>>> print(open('upload-v8.txt').read())   # compact mmCIF, C-alpha atoms
# COMPACT_ATOMS: atom_id res chain seq x y z
CA MET A 1 -55.59 -21.53 18.77
CA THR A 2 -58.47 -23.48 17.32
CA GLY A 3 -58.75 -23.91 13.58
CA GLN A 4 -56.08 -23.59 10.90
CA PRO A 5 -53.59 -20.70 10.81
CA PRO A 6 -54.11 -17.89 8.27
CA ARG A 7 -53.35 -18.86 4.69
CA GLY A 8 -49.65 -18.65 3.87
CA GLU A 9 -48.39 -19.15 7.43
CA PRO A 10 -46.41 -22.36 8.08
CA THR A 11 -48.17 -25.18 9.89
CA VAL A 12 -46.52 -27.09 12.72
CA SER A 13 -47.11 -30.64 13.95
CA VAL A 14 -45.78 -31.61 17.38
CA VAL A 15 -45.19 -35.26 18.30
CA VAL A 16 -45.41 -36.19 22.00
CA PRO A 17 -44.62 -39.86 22.78
CA SER A 18 -45.91 -41.01 26.16
CA HIS A 19 -45.63 -44.15 28.28
CA ASN A 20 -47.21 -44.47 31.74
CA ARG A 21 -46.94 -40.80 32.69
CA PRO A 22 -50.59 -39.69 32.89
CA GLU A 23 -49.84 -36.96 35.43
CA LEU A 24 -47.12 -35.42 33.24
CA VAL A 25 -48.24 -35.75 29.62
CA GLY A 26 -51.08 -33.26 30.18
CA VAL A 27 -48.60 -30.66 31.45
CA ALA A 28 -46.38 -31.28 28.42
CA VAL A 29 -49.27 -30.92 25.97
CA ALA A 30 -50.51 -27.78 27.72
CA SER A 31 -47.09 -26.18 27.23
CA VAL A 32 -47.29 -26.91 23.51
CA LEU A 33 -50.80 -25.47 23.23
CA GLU A 34 -49.53 -22.22 24.77
CA ASN A 35 -47.54 -21.73 21.58
CA ALA A 36 -50.18 -20.29 19.27
CA GLU A 37 -48.26 -21.35 16.16
CA THR A 38 -49.02 -25.02 16.82
CA THR A 39 -51.36 -26.59 14.27
CA GLU A 40 -51.67 -30.11 15.68
CA VAL A 41 -50.35 -32.09 18.63
CA ILE A 42 -50.00 -35.83 18.07
CA VAL A 43 -49.77 -37.77 21.35
CA VAL A 44 -48.50 -41.29 20.72
CA ASP A 45 -49.56 -43.51 23.62
CA ASP A 46 -46.81 -46.13 23.63
CA GLY A 47 -48.70 -48.98 25.32
CA SER A 48 -49.55 -47.10 28.51
CA SER A 49 -51.56 -48.90 31.18
CA PRO A 50 -54.15 -47.49 31.57
CA PRO A 51 -54.30 -45.90 28.10
CA VAL A 52 -53.91 -42.14 27.63
CA THR A 53 -57.34 -40.52 27.56
CA ALA A 54 -58.61 -37.28 26.04
CA THR A 55 -59.05 -35.35 29.27
CA GLY A 56 -57.83 -31.90 30.31
CA PRO A 57 -55.43 -30.39 27.74
CA LEU A 58 -55.55 -33.67 25.77
CA ALA A 59 -59.21 -32.97 24.97
CA HIS A 60 -58.23 -29.86 22.96
CA SER A 61 -59.39 -29.87 19.33
CA ALA A 62 -55.77 -29.61 18.11
CA VAL A 63 -54.77 -32.85 19.88
CA ARG A 64 -54.87 -36.31 18.33
CA ILE A 65 -54.12 -39.44 20.36
CA LEU A 66 -52.64 -42.46 18.61
CA ARG A 67 -51.98 -45.71 20.47
CA ASN A 68 -49.48 -48.53 20.21
CA GLU A 69 -51.13 -51.46 21.97
CA THR A 70 -47.73 -52.72 23.14
CA PRO A 71 -44.74 -50.49 24.03
CA LEU A 72 -42.45 -50.00 21.03
CA GLY A 73 -39.97 -47.57 22.60
CA PRO A 74 -39.53 -43.80 22.13
CA GLY A 75 -37.92 -43.99 18.69
CA ARG A 76 -40.68 -46.06 17.10
CA ALA A 77 -43.34 -44.05 18.92
CA ARG A 78 -41.95 -40.83 17.47
CA ASN A 79 -41.91 -42.43 14.01
CA VAL A 80 -45.61 -43.27 14.36
CA GLY A 81 -46.27 -39.60 15.11
CA MET A 82 -44.06 -38.39 12.25
CA ASN A 83 -45.89 -40.65 9.81
CA ALA A 84 -49.21 -39.13 10.88
CA ALA A 85 -48.05 -35.48 10.94
CA THR A 86 -49.44 -33.04 8.38
CA GLY A 87 -47.54 -29.83 9.18
CA ASP A 88 -44.95 -27.92 7.17
CA TYR A 89 -42.67 -28.37 10.19
CA ILE A 90 -42.42 -31.19 12.73
CA GLY A 91 -41.38 -30.71 16.36
CA PHE A 92 -41.14 -33.00 19.37
CA LEU A 93 -41.65 -32.95 23.13
CA ASP A 94 -41.03 -35.70 25.67
CA ASP A 95 -43.95 -36.35 28.00
CA ASP A 96 -42.05 -35.28 31.13
CA ASP A 97 -40.68 -32.04 29.63
CA ARG A 98 -42.30 -28.77 28.61
CA TRP A 99 -41.88 -26.03 26.06
CA LEU A 100 -41.61 -22.41 27.16
CA PRO A 101 -44.03 -19.77 25.84
CA GLY A 102 -42.73 -18.20 22.64
CA LYS A 103 -40.62 -21.23 21.67
CA LEU A 104 -42.24 -21.78 18.27
CA LYS A 105 -42.38 -18.07 17.52
CA ALA A 106 -38.61 -17.83 18.07
CA CYS A 107 -37.92 -20.94 15.98
CA LEU A 108 -40.09 -19.82 13.08
CA ALA A 109 -38.44 -16.39 13.21
CA ALA A 110 -35.05 -18.11 12.92
CA ALA A 111 -36.32 -20.09 9.92
CA GLU A 112 -37.48 -16.86 8.29
CA GLU A 113 -34.16 -15.17 9.07
CA HIS A 114 -32.22 -18.01 7.44
CA PRO A 115 -34.31 -19.25 4.50
CA GLY A 116 -32.96 -22.57 3.33
CA GLY A 117 -31.07 -22.90 6.63
CA GLY A 118 -32.63 -26.28 7.33
CA VAL A 119 -33.30 -27.75 10.78
CA ILE A 120 -33.89 -25.31 13.64
CA ALA A 121 -32.58 -26.21 17.12
CA HIS A 122 -32.14 -24.43 20.44
CA ARG A 123 -30.75 -25.11 23.90
CA THR A 124 -32.68 -27.00 26.58
CA GLY A 125 -32.24 -26.76 30.33
CA TYR A 126 -33.54 -27.73 33.75
CA ALA A 127 -35.10 -24.39 34.66
CA SER A 128 -36.80 -21.50 32.89
CA PRO A 129 -34.45 -18.59 32.17
CA ARG A 130 -35.01 -15.45 34.21
CA HIS A 131 -35.14 -13.19 31.15
CA GLN A 132 -36.73 -13.97 27.79
CA PRO A 133 -36.00 -11.30 25.15
CA ASP A 134 -38.11 -10.92 22.03
CA ARG A 135 -35.32 -12.07 19.75
CA TYR A 136 -32.35 -14.40 20.13
CA PRO A 137 -29.01 -14.66 18.35
CA THR A 138 -28.74 -17.45 15.79
CA ARG A 139 -25.90 -19.39 14.21
CA VAL A 140 -25.88 -21.49 11.04
CA LEU A 141 -24.02 -24.82 11.04
CA ASN A 142 -23.24 -25.66 7.44
CA ASP A 143 -21.24 -28.69 8.62
CA PRO A 144 -23.31 -29.96 11.57
CA LEU A 145 -21.61 -33.38 11.61
CA ARG A 146 -18.26 -31.88 12.57
CA TYR A 147 -19.99 -29.89 15.30
CA PHE A 148 -21.80 -32.98 16.62
CA GLY A 149 -18.47 -34.76 17.06
CA THR A 150 -17.47 -32.37 19.83
CA HIS A 151 -20.80 -31.06 21.17
CA GLN A 152 -23.90 -32.67 22.56
CA THR A 153 -26.44 -33.18 19.80
CA PRO A 154 -29.68 -31.19 20.09
CA HIS A 155 -32.36 -32.83 22.21
CA PRO A 156 -35.55 -33.75 20.28
CA ASP A 157 -37.45 -31.19 22.39
CA SER A 158 -35.46 -28.48 20.61
CA LEU A 159 -35.90 -29.56 17.00
CA LEU A 160 -38.13 -27.96 14.39
CA ILE A 161 -37.70 -29.85 11.11
CA PRO A 162 -38.91 -28.70 7.69
CA ARG A 163 -41.19 -31.23 6.04
CA ALA A 164 -38.80 -31.75 3.11
CA VAL A 165 -36.09 -32.93 5.53
CA ALA A 166 -38.41 -34.80 7.90
CA ASP A 167 -39.68 -36.93 5.01
CA LEU A 168 -36.15 -38.30 4.54
CA VAL A 169 -35.34 -39.30 8.14
CA ARG A 170 -36.81 -41.48 10.88
CA PHE A 171 -35.59 -42.51 14.34
CA ALA A 172 -33.49 -45.70 14.40
CA GLU A 173 -35.80 -48.42 15.69
CA ASP A 174 -33.01 -50.93 16.33
CA LEU A 175 -31.36 -48.77 18.99
CA ALA A 176 -32.59 -49.31 22.55
CA ALA A 177 -31.22 -45.88 23.54
CA ALA A 178 -29.35 -42.91 22.04
CA GLU A 179 -31.80 -42.95 19.13
CA ASP A 180 -32.04 -39.16 19.51
CA VAL A 181 -28.30 -38.80 18.84
CA ALA A 182 -28.56 -41.06 15.79
CA PHE A 183 -31.54 -39.01 14.57
CA ALA A 184 -29.63 -35.72 14.86
CA ILE A 185 -26.71 -37.22 12.95
CA GLU A 186 -29.03 -38.44 10.19
CA LEU A 187 -30.54 -34.96 9.97
CA GLY A 188 -27.06 -33.44 9.81
CA MET A 189 -26.21 -35.66 6.85
CA ARG A 190 -29.05 -34.05 4.89
CA SER A 191 -29.39 -30.51 6.13
CA PRO A 192 -27.60 -27.59 7.76
CA PHE A 193 -28.76 -26.54 11.23
CA VAL A 194 -29.73 -23.15 12.58
CA LEU A 195 -28.95 -22.90 16.30
CA VAL A 196 -31.03 -20.48 18.37
CA ASP A 197 -28.98 -19.37 21.38
CA ALA A 198 -31.71 -19.67 24.00
CA VAL A 199 -33.25 -22.18 26.40
CA LEU A 200 -36.76 -22.66 25.01
CA ALA A 201 -37.65 -26.04 26.56
CA VAL A 202 -37.03 -27.46 30.02
CA HIS A 203 -36.58 -31.03 31.17
CA GLY A 204 -38.74 -32.64 33.82
CA PRO A 205 -37.81 -32.91 37.50
CA ASN A 206 -34.73 -34.94 38.29
CA ASP A 207 -36.69 -37.36 40.45
CA VAL A 208 -38.66 -38.68 37.43
CA PRO A 209 -36.82 -41.90 36.57
CA THR A 210 -35.86 -42.74 33.01
CA THR A 211 -37.47 -45.85 31.58
CA ILE A 212 -34.17 -46.83 29.94
CA GLY A 213 -31.51 -48.48 32.11
CA LEU A 214 -27.99 -47.12 32.31
CA GLU A 215 -26.47 -50.36 31.01
CA THR A 216 -28.65 -50.08 27.93
CA ARG A 217 -27.66 -46.46 27.40
CA VAL A 218 -23.96 -47.24 27.66
CA ALA A 219 -24.27 -50.15 25.23
CA ALA A 220 -26.21 -47.96 22.78
CA ARG A 221 -23.51 -45.27 22.89
CA LEU A 222 -20.89 -47.86 21.93
CA GLN A 223 -23.13 -49.19 19.18
CA LEU A 224 -23.67 -45.67 17.89
CA ARG A 225 -19.91 -45.00 17.79
CA ASP A 226 -19.43 -48.11 15.65
CA ARG A 227 -22.26 -46.95 13.37
CA HIS A 228 -20.99 -43.39 12.93
CA PRO A 229 -17.22 -43.42 13.57
CA ASP A 230 -16.75 -40.66 10.97
CA VAL A 231 -18.76 -38.35 13.24
CA LEU A 232 -18.20 -39.57 16.81
CA TYR A 233 -14.65 -40.90 16.52
CA ARG A 234 -13.11 -39.01 13.63
CA ASP A 235 -10.25 -37.17 15.38
CA ARG A 236 -8.68 -36.59 18.79
CA ARG A 237 -11.24 -34.00 19.89
CA SER A 238 -14.27 -36.08 18.95
CA ARG A 239 -12.76 -39.19 20.57
CA ALA A 240 -12.10 -37.28 23.77
CA PHE A 241 -15.67 -35.95 23.77
CA PHE A 242 -17.10 -39.45 23.18
CA HIS A 243 -15.25 -40.92 26.17
CA LEU A 244 -16.14 -37.90 28.29
CA ARG A 245 -19.87 -38.42 27.64
CA LEU A 246 -19.50 -42.16 28.18
CA GLY A 247 -17.75 -41.60 31.50
CA HIS A 248 -20.59 -39.45 32.83
CA LEU A 249 -23.06 -42.24 32.03
CA GLN A 250 -20.85 -44.86 33.65
CA ARG A 251 -20.35 -42.94 36.89
CA ARG A 252 -23.71 -44.18 38.18
CA LEU A 253 -22.84 -47.76 37.25
CA SER A 254 -19.16 -48.27 38.02
CA ARG A 255 -16.63 -45.74 39.23
CA TRP A 256 -13.80 -47.74 37.70
CA ALA A 257 -15.45 -47.94 34.30
CA ALA A 258 -16.10 -44.19 34.43
CA LEU A 259 -12.55 -43.50 35.48
CA ARG A 260 -11.23 -45.53 32.54
CA SER A 261 -13.39 -43.52 30.15
CA PHE A 262 -12.20 -40.19 31.54
CA ILE A 263 -8.60 -41.37 31.28
CA TRP A 264 -9.21 -42.39 27.67
CA ALA A 265 -10.55 -38.88 27.05
CA LEU A 266 -7.37 -37.43 28.51
CA ARG A 267 -5.23 -39.70 26.35
CA HIS A 268 -6.82 -38.12 23.30
CA GLU A 269 -6.91 -34.59 24.71
CA PRO A 270 -4.60 -34.23 27.76
CA PHE A 271 -5.67 -30.69 28.65
CA ASN A 272 -9.43 -31.28 28.49
CA GLY A 273 -10.71 -29.56 31.62
CA MET A 274 -14.07 -31.39 31.59
CA ALA A 275 -12.29 -34.75 31.56
CA TRP A 276 -10.13 -33.74 34.52
CA ARG A 277 -13.25 -32.61 36.40
CA GLY A 278 -14.81 -35.98 35.56
CA VAL A 279 -11.84 -37.76 37.14
CA VAL A 280 -12.14 -35.67 40.30
CA ALA A 281 -15.92 -36.10 40.52
CA THR A 282 -15.57 -39.86 40.07
CA LEU A 283 -13.10 -40.10 42.94
CA LEU A 284 -15.23 -37.95 45.27
CA PRO A 285 -17.87 -39.52 47.53
CA GLY A 286 -21.25 -39.76 45.81
CA ALA A 287 -23.01 -37.17 47.96
CA THR A 288 -20.28 -34.59 47.36
CA ALA A 289 -20.36 -35.14 43.60
CA ARG A 290 -24.14 -34.74 43.53
CA MET A 291 -23.90 -31.53 45.52
CA ILE A 292 -21.39 -30.09 43.04
CA LYS A 293 -23.58 -31.07 40.09
CA SER A 294 -26.61 -29.46 41.73
CA ARG A 295 -24.67 -26.22 42.22
CA GLN A 296 -23.59 -26.25 38.57
CA ARG A 297 -27.20 -26.56 37.45
CA ARG A 298 -28.25 -23.69 39.70
CA ARG A 299 -25.54 -21.51 38.16
CA GLU A 300 -26.86 -22.39 34.69
CA ARG A 301 -30.20 -20.83 35.61
>>> encode(input="upload-v8.txt", output="structure tokens")
Amino acid sequence: MTGQPPRGEPTVSVVVPSHNRPELVGVAVASVLENAETTEVIVVDDGSSPPVTATGPLAHSAVRILRNETPLGPGRARNVGMNAATGDYIGFLDDDDRWLPGKLKACLAAAEEHPGGGVIAHRTGYASPRHQPDRYPTRVLNDPLRYFGTHQTPHPDSLLIPRAVADLVRFAEDLAAAEDVAFAIELGMRSPFVLVDAVLAVHGPNDVPTTIGLETRVAARLQLRDRHPDVLYRDRRSRAFFHLRLGHLQRRLSRWAALRSFIWALRHEPFNGMAWRGVVATLLPGATARMIKSRQRRRER
């Protein structure tokens, strides 16, 4: 993996923001280095204490470490990495997540299959799939904004962005949370998406706490709706989906607030099965609801 790829092959820069996760960022970077198509990995140390050091996988010749002396947040940290990237494509990975082997190969194959198709994205999950075929089905979204109104936007771990598009977009630095949703919407305003129907990145263990509080995440969702009502609140289906997502965030803060959100979802879409399940889960005791969620995740594997 050392050195530049053969002439004519696309180059890929991968941005990995990190804050106070020294035991995890090395695992994340190692998973990127397993993808031989990677050209450079840019670790942005967002004010970690102690600082991120070039040890283990981070000492690899393809890795660069940049440092923000004070924490600026994930959006601004990713922008620092994007500004320094040199590749034909830019990808991302959170420091507590990991890519699966073959991820970049599958994404670059999708880009070759759909020339001019724009941003490549895939599914993410909480466990590695049991079977990984050589090729995955793909789908082109020529109107990604309509899709994003009723589906969860792609996680940054899943994105592979052509340089021409990446040069036009940055993460919103005024949002304390949900900056990844805003980023996907901004990309969708400028480019179609190619969706690869496969889990090619997995999230970290559930016991790793987020550094962003739930109150902040709820407030950011509301702020984002006001910023992009034409995407997130454009019709009955998108309004139902917005309140459904909001309700799941609120369940860990206030059952009554969550219940109100699920009811609002049902007002917009009375036969939405996910909203009805949200109502039931909110009314169940906490331990029972967590058990059901755990079983759902196991089925997804």
>>> atom_distance(input="upload-v8.txt", atom1="CA of Phe241 in chain A", atom2="CA of Ala258 in chain A")
13.5 Å
>>> closest_atom_pairs(input="upload-v8.txt", of="range 127-163 of chain A", to="range 10-33 of chain A", cutoff="10 Å", atoms="all atoms listed in the file", output="JSON lines")
{"residue": "A:Pro156", "atom": "CA", "partner": "A:Val15", "partner_atom": "CA", "distance": 10.0}
{"residue": "A:Asp157", "atom": "CA", "partner": "A:Val16", "partner_atom": "CA", "distance": 9.4}
{"residue": "A:Leu160", "atom": "CA", "partner": "A:Val12", "partner_atom": "CA", "distance": 8.6}
{"residue": "A:Ile161", "atom": "CA", "partner": "A:Val12", "partner_atom": "CA", "distance": 9.4}
{"residue": "A:Pro162", "atom": "CA", "partner": "A:Val12", "partner_atom": "CA", "distance": 9.3}
{"residue": "A:Arg163", "atom": "CA", "partner": "A:Val12", "partner_atom": "CA", "distance": 9.5}
>>> closest_atom_pairs(input="upload-v8.txt", of="range 163-282 of chain A", to="range 123-146 of chain A", cutoff="8 Å", atoms="only C-alpha atoms", output="CSV")
residue,atom,partner,partner_atom,distance
A:Ile185,CA,A:Leu145,CA,6.5
A:Gly188,CA,A:Pro144,CA,5.4
A:Met189,CA,A:Leu145,CA,7.0
A:Ser191,CA,A:Asn142,CA,7.9
A:Pro192,CA,A:Asn142,CA,4.8
A:Phe193,CA,A:Leu141,CA,5.0
A:Val194,CA,A:Val140,CA,4.5
A:Leu195,CA,A:Arg139,CA,5.1
A:Val196,CA,A:Thr138,CA,4.6
A:Asp197,CA,A:Pro137,CA,5.6
A:Ala198,CA,A:Arg123,CA,5.5
A:Val199,CA,A:Arg123,CA,4.6
A:Leu200,CA,A:Thr124,CA,6.2
A:Ala201,CA,A:Thr124,CA,5.1
A:Val202,CA,A:Gly125,CA,4.9
A:His203,CA,A:Tyr126,CA,5.2
A:Gly204,CA,A:Tyr126,CA,7.2
A:Pro205,CA,A:Tyr126,CA,7.7
A:Val231,CA,A:Leu145,CA,6.0
>>> atom_distance(input="upload-v8.txt", atom1="CA of Arg252 in chain A", atom2="CA of Trp264 in chain A")
18.0 Å
>>> atom_distance(input="upload-v8.txt", atom1="CA of His122 in chain A", atom2="CA of Met82 in chain A")
20.1 Å
